[in-house]
Each structure stands twice: as C-alpha cells, then as structure tokens.
Amino acid sequence: MTNNSEKKAEIVYIIQPVESEKDQILHDEAVALIESAGAEYAGTIYQNVREINPATYIGAGKLEELRERLDGLELTVLFNGELSPSQTLNISKALGGKKVIDRTTLILDIFALRAESSEGKLQVELAQLKYLYPRLKGKGEALSRLGGGIGTRGPGETQLETDRRHIRARIHTLEERLKSTERRRAYLAERRKKDRVLTVALVGYTNTGKSTLLNALTGADVLTKDALFATLDPSARSFEIEGVPFLLVDTVGFLQDLPHNLIEAFKSTLESAVHCDLALIVCDAAGDFETQLSTTLGVLKELDFSSPYLIVMNKCDLGVSEDAPRDAVLISAKEKRGLEALKQRIFQAVEDRFVRTTLFVPYTKEGKFSELRPLFYCRKVIYTDDGAEISAVIPAIYAEQFREFYKI
C-alpha cells in the first residue's frame, strides 16, 4: 500500500541547446544531476542554437512546441545552460507558468543537499544568495505557488521574500565568516609545513572515484557513492610512504561549465589543492577522460594553481583507452590495483626533498644521536654488537647534520 503522505519526486524535463559536440556530454551530465537531486528525468527537447534570443534564449517556435508537449503536466523545466533572470521569467511565462530552472540552480541545489560541515553550508548559502540576488524579482511568487523543490533548498526558501538590503547584509556576513575560516585554514597549513607534513590533494571531475581512492590509500571510511557531487565537504586523512607522513586531501569534484560563482565560493576549500605539495588529478579511465582532464586543468588555472601533479586513471578494471596519457598512473581504487605503483610515483615526485641513506649509530653516541631523532624518518633498524644500523629518510635540509653517522 502506497503512503500518500510520501512526497512525490519532482519531475524534470530538459531543454538542451545544441551548439557543439560537447552538448551531448552536458546533457548526459544533466540527467545524472537530476537524479543526484532526488528528482526524476522526464525527457528532453533539443534546440539547435544559431543565434541566441536575448528574451528567451531559444526561439518562440520551439517554446510553443514545448508548451504543447508539456501541456497539463506538472513538472519542472531545466534549461541545461545559464539563463539571465529575465530569460528565466520569459520562458516560464511562455510555458504557461511552469517552474523553470537552469543548470547552475540545479548544481546549487545538489550542493545544498550535500553540504554537512559548517563551512560547506556557509559556502553553499553564499553561492546561492549571490546567484538568487539578481533573480528575486518575480521569482518568490512563482516558487511559493509551485511548492518548492529544486532551487528552493538551503537559503532559497527562507530568503526569497526578504528585501535586497537584507540579502546584501547576509552576503557580507557570510563573506566575513568565511574569511575567518580561511585564516584558520592558512594557520593549519603553516603548522603542517612546520611539522614537515607533505600535502597531496585529490582533484578532478566529480564521480571519478576520488573518495574511493582516499579510502584505499589511507584505510579511511569516507562516504563513496555513484552519484555526482556525492561528497562536497573536503576530507583529509594521513598515510605513509617509506615512513614519510603525507596528508591526503579530497576536494569537491569539478564539472563541465561549472559556474564561476561556485568556483569563487569554494575557493577556500580548494586552497588545499592550490597550495598542495602534489596534486593527483583523478580521471575515469573508462569515461571521457579528455573532457575530465581539460575541465580540471581549466578550473585549476582559474585558481592560479602551480603545484606539480600526476594524472591518475582510475577504474582501469573497466577498460583503458589507447589514448590515455602515457605518463598516467593506471589504478583501480575499488579493486585496490596499482596502488603501490601510485605510491612510488608520489614519492618520486617529492624525493628531491629527501635523502635516503643508511645511518650507523654506535652505542657510545646514542646520547648525541637522540637530539637528531625528530629530524628523520626511520624505515628499519638492525641492532648489532657495536650499534644500531638505521635505514632512514632524511629531509634534505637536515642531511648535513647526520654526516658523522652516515654508514661508509
């Protein structure tokens, strides 16, 4: 027996503008985004766009065709691109008052669903308010009439009826609070440098298996799910390679045409990627990795990223294209294949900062050597009749201090 009190899933129909070959990829992503938002995909109407109509983006003929097709159906229309406030209202009017959202609204809605940390919620609210601010005119009435759904989660429901002055004040408050968290993050980054902890950032397209890789390398149990933006808040876990500690940081996934205001809103979170010692750009070996890689590098460029990086082709158990970059590391995080090779490549990328050597410490010099213990990483110790033989990894800046203990 069906429970009538259960809320029905929102049904979404897509308007897909067609301007280039990548638009089919954008469409497939839109379907996945709709499902990630907890809604149902109803269908798509395609429109070749030779010239953008400033009032409605697409032509009146196509809108009339869509109005006839959707007449009498209760659903939301997703324009899979970015609309101006007036275009959104005009399309809605042309479709008999149906709720119309664009790609950015949909992504923001998923972000509102996924954010769990206080900082993540602040970032999402700030991005939503900045996006909603120029769209307030006329939108509050339409959304309240349609009973919410996509585009009304987070601050959308509570702030739409508030005047512009109040929203400007709220945006200012959120920006100040985020500046405070940025200062705290910068302090923690300085502490890590002081403690000689190397940071490796997982970056890349959403749903390429970054969280699964974090779990595989560190033994953590971070949420993994086959959905776009399954994890929004960054996760950090420690692991070791050859006795050297690393901090592995998982970041929010990227997407084609990720709105600039979202990149801006999540800049503080993404600083772990910008200021890392090494980035792992994770791609889906069985998917459109070229788009994934170019999108990721494009976003990183916007963030003034300049750190070294490795390309990691994940899900290689599902197949690997012949066009995969030759210098890429092939792994399957789910099957835990290729992880040792990945660790070797990670260490190779930073090994110029270390000296691998064997130390011999006579028992008569243990007191003097004890002062140096915090300055190196011990891989193995063998005790002999005369002293201890230590396989060590020493940060290059301290190497000279160990000279008298180098084994000849």
# chains A, B, ... in the order shown; residues from 1 in each chain; ligands from 1
$ closest_atom_pairs --of "stretch 276-321 of chain A" --to "stretch 18-29 of chain A" --cutoff "12 Å" --atoms "only C-alpha atoms" --output "tab-separated table"
residue	atom	partner	partner_atom	distance
A:Gly287	CA	A:Ile25	CA	10.8
A:Asp288	CA	A:Ile25	CA	8.8
A:Phe289	CA	A:Ile25	CA	11.9
A:Glu290	CA	A:Lys22	CA	11.5
A:Thr291	CA	A:Lys22	CA	8.8
A:Gln292	CA	A:Ile25	CA	10.9
A:Thr295	CA	A:Lys22	CA	11.9
$ write_last_selection --atoms "N, CA and C atoms" --output "PDB file, in the first residue's frame"
ATOM      1  N   GLY A 287      35.810   6.442 -18.973  1.00  0.00           N
ATOM      2  CA  GLY A 287      34.907   7.520 -19.387  1.00  0.00           C
ATOM      3  C   GLY A 287      35.586   8.490 -20.336  1.00  0.00           C
ATOM      4  N   ASP A 288      35.004   9.669 -20.460  1.00  0.00           N
ATOM      5  CA  ASP A 288      35.554  10.712 -21.335  1.00  0.00           C
ATOM      6  C   ASP A 288      36.647  11.463 -20.575  1.00  0.00           C
ATOM      7  N   PHE A 289      37.797  10.795 -20.412  1.00  0.00           N
ATOM      8  CA  PHE A 289      38.856  11.363 -19.569  1.00  0.00           C
ATOM      9  C   PHE A 289      39.446  12.639 -20.156  1.00  0.00           C
ATOM     10  N   GLU A 290      39.391  12.815 -21.469  1.00  0.00           N
ATOM     11  CA  GLU A 290      39.943  14.031 -22.077  1.00  0.00           C
ATOM     12  C   GLU A 290      39.162  15.261 -21.610  1.00  0.00           C
ATOM     13  N   THR A 291      37.826  15.146 -21.599  1.00  0.00           N
ATOM     14  CA  THR A 291      36.990  16.240 -21.100  1.00  0.00           C
ATOM     15  C   THR A 291      37.238  16.450 -19.618  1.00  0.00           C
ATOM     16  N   GLN A 292      37.324  15.340 -18.865  1.00  0.00           N
ATOM     17  CA  GLN A 292      37.559  15.427 -17.422  1.00  0.00           C
ATOM     18  C   GLN A 292      38.875  16.146 -17.130  1.00  0.00           C
ATOM     19  N   THR A 295      38.762  19.925 -18.239  1.00  0.00           N
ATOM     20  CA  THR A 295      37.914  20.682 -17.315  1.00  0.00           C
ATOM     21  C   THR A 295      38.648  20.944 -16.012  1.00  0.00           C
TER      22      THR A 295
END
$ select_by_dssp --residues "stretch 195-327 of chain A" --states "helix (DSSP H, G or I)" --output "JSON, numbers by chain"
{"A": [210, 211, 212, 213, 214, 215, 216, 217, 218, 260, 261, 262, 263, 264, 265, 267, 268, 269, 270, 271, 272, 273, 274, 289, 290, 291, 292, 293, 294, 295, 296, 297, 298, 299, 300, 301, 302, 316, 317, 318]}
$ residues_around --residues "A:Ala392" --least-positions-apart "3" --cutoff "6 Å" --atoms "only C-alpha atoms" --output "list of chain:residue names"
A:Arg356, A:Thr357, A:Thr358, A:Tyr377, A:Cys378, A:Arg379
$ write_last_selection --atoms "C-alpha atoms" --output "mmCIF file, in the first residue's frame"
data_model
loop_
_atom_site.group_PDB
_atom_site.id
_atom_site.type_symbol
_atom_site.label_atom_id
_atom_site.label_comp_id
_atom_site.auth_asym_id
_atom_site.auth_seq_id
_atom_site.Cartn_x
_atom_site.Cartn_y
_atom_site.Cartn_z
ATOM 1 C CA ARG A 356 67.620 8.069 1.530
ATOM 2 C CA THR A 357 70.553 6.637 3.383
ATOM 3 C CA THR A 358 71.791 4.155 5.975
ATOM 4 C CA TYR A 377 62.002 9.084 9.297
ATOM 5 C CA CYS A 378 63.003 5.575 10.268
ATOM 6 C CA ARG A 379 62.252 2.756 7.840
#
$ atom_distance --atom1 "atom CA of A:Ile11" --atom2 "atom CA of A:Tyr41"
6.0 Å
$ atom_distance --atom1 "atom CA of A:Thr199" --atom2 "atom CA of A:Ser180"
21.9 Å
$ atom_distance --atom1 "atom CA of A:Val312" --atom2 "atom CA of A:Ala236"
18.6 Å
$ closest_residue --among "A:Leu248, A:Leu262, A:Ala94, A:Leu108" --to "A:Gly219" --atoms "only C-alpha atoms"
A:Leu248
$ residues_around --residues "A:Phe305" --least-positions-apart "5" --cutoff "12 Å" --atoms "only C-alpha atoms" --output "list of chain:residue names"
A:Ala201, A:Val203, A:Lys267, A:Leu270, A:Glu271, A:Ser272, A:Ala273, A:Val274, A:His275, A:Cys276, A:Asp277, A:Leu278, A:Ala279, A:Thr296, A:Leu297, A:Gly298, A:Val299, A:Leu300
$ write_last_selection --atoms "C-alpha atoms" --output "short mmCIF file (atom, residue, chain, number, x, y, z; two decimals), in the first residue's frame"
data_model
loop_
_atom_site.label_atom_id
_atom_site.label_comp_id
_atom_site.auth_asym_id
_atom_site.auth_seq_id
_atom_site.Cartn_x
_atom_site.Cartn_y
_atom_site.Cartn_z
CA ALA A 201 45.40 16.80 -2.99
CA VAL A 203 41.33 16.80 -7.58
CA LYS A 267 37.99 28.86 -3.25
CA LEU A 270 40.05 24.35 -2.86
CA GLU A 271 43.09 26.09 -1.40
CA SER A 272 44.27 22.66 -0.23
CA ALA A 273 44.60 21.81 -3.92
CA VAL A 274 46.20 25.12 -4.88
CA HIS A 275 48.83 25.05 -2.14
CA CYS A 276 49.48 21.31 -2.03
CA ASP A 277 52.89 19.73 -2.50
CA LEU A 278 51.45 17.43 -5.16
CA ALA A 279 48.05 17.04 -6.83
CA THR A 296 40.01 20.04 -14.20
CA LEU A 297 43.07 21.83 -15.58
CA GLY A 298 40.83 24.74 -16.61
CA VAL A 299 39.42 25.16 -13.10
CA LEU A 300 42.87 24.83 -11.52
#
$ residues_around --residues "A:Ile390" --least-positions-apart "3" --cutoff "10 Å" --atoms "only C-alpha atoms" --output "PyMOL selection string"
chain A and resi 357-361+377-383+387+393+405-407
$ write_last_selection --atoms "N, CA and C atoms" --output "mmCIF file, in the first residue's frame"
data_model
loop_
_atom_site.group_PDB
_atom_site.id
_atom_site.type_symbol
_atom_site.label_atom_id
_atom_site.label_comp_id
_atom_site.auth_asym_id
_atom_site.auth_seq_id
_atom_site.Cartn_x
_atom_site.Cartn_y
_atom_site.Cartn_z
ATOM 1 N N THR A 357 69.211 7.077 3.001
ATOM 2 C CA THR A 357 70.553 6.637 3.383
ATOM 3 C C THR A 357 70.496 5.613 4.515
ATOM 4 N N THR A 358 71.666 5.060 4.821
ATOM 5 C CA THR A 358 71.791 4.155 5.975
ATOM 6 C C THR A 358 72.695 4.825 7.004
ATOM 7 N N LEU A 359 72.217 4.902 8.220
ATOM 8 C CA LEU A 359 72.977 5.503 9.315
ATOM 9 C C LEU A 359 73.496 4.393 10.233
ATOM 10 N N PHE A 360 74.687 4.631 10.782
ATOM 11 C CA PHE A 360 75.187 3.717 11.819
ATOM 12 C C PHE A 360 75.453 4.536 13.077
ATOM 13 N N VAL A 361 74.765 4.133 14.153
ATOM 14 C CA VAL A 361 74.871 4.880 15.411
ATOM 15 C C VAL A 361 75.531 3.978 16.466
ATOM 16 N N TYR A 377 63.010 10.134 9.282
ATOM 17 C CA TYR A 377 62.002 9.084 9.297
ATOM 18 C C TYR A 377 62.697 7.737 9.231
ATOM 19 N N CYS A 378 62.357 6.885 10.151
ATOM 20 C CA CYS A 378 63.003 5.575 10.268
ATOM 21 C C CYS A 378 62.212 4.524 9.502
ATOM 22 N N ARG A 379 62.891 3.824 8.595
ATOM 23 C CA ARG A 379 62.252 2.756 7.840
ATOM 24 C C ARG A 379 62.510 1.391 8.477
ATOM 25 N N LYS A 380 63.728 1.205 8.982
ATOM 26 C CA LYS A 380 64.094 -0.104 9.529
ATOM 27 C C LYS A 380 65.313 0.048 10.437
ATOM 28 N N VAL A 381 65.378 -0.738 11.514
ATOM 29 C CA VAL A 381 66.532 -0.710 12.426
ATOM 30 C C VAL A 381 67.055 -2.136 12.620
ATOM 31 N N ILE A 382 68.392 -2.286 12.502
ATOM 32 C CA ILE A 382 69.048 -3.567 12.795
ATOM 33 C C ILE A 382 70.084 -3.304 13.883
ATOM 34 N N TYR A 383 69.969 -4.044 14.992
ATOM 35 C CA TYR A 383 70.908 -3.857 16.096
ATOM 36 C C TYR A 383 72.072 -4.854 15.966
ATOM 37 N N GLY A 387 76.404 -1.235 17.571
ATOM 38 C CA GLY A 387 75.486 -0.110 17.468
ATOM 39 C C GLY A 387 74.254 -0.451 16.642
ATOM 40 N N VAL A 393 65.117 7.991 6.009
ATOM 41 C CA VAL A 393 64.773 9.012 5.010
ATOM 42 C C VAL A 393 64.868 10.350 5.730
ATOM 43 N N PHE A 405 77.138 10.195 11.054
ATOM 44 C CA PHE A 405 76.503 8.895 11.260
ATOM 45 C C PHE A 405 76.237 8.137 9.960
ATOM 46 N N TYR A 406 76.617 8.737 8.812
ATOM 47 C CA TYR A 406 76.438 8.027 7.557
ATOM 48 C C TYR A 406 77.291 6.757 7.538
ATOM 49 N N LYS A 407 76.702 5.660 7.128
ATOM 50 C CA LYS A 407 77.458 4.411 7.065
ATOM 51 C C LYS A 407 78.354 4.437 5.838
#
$ closest_residue --among "A:Gly96, A:Glu389, A:Glu119, A:Glu68" --to "A:Arg184" --atoms "only C-alpha atoms"
A:Glu119
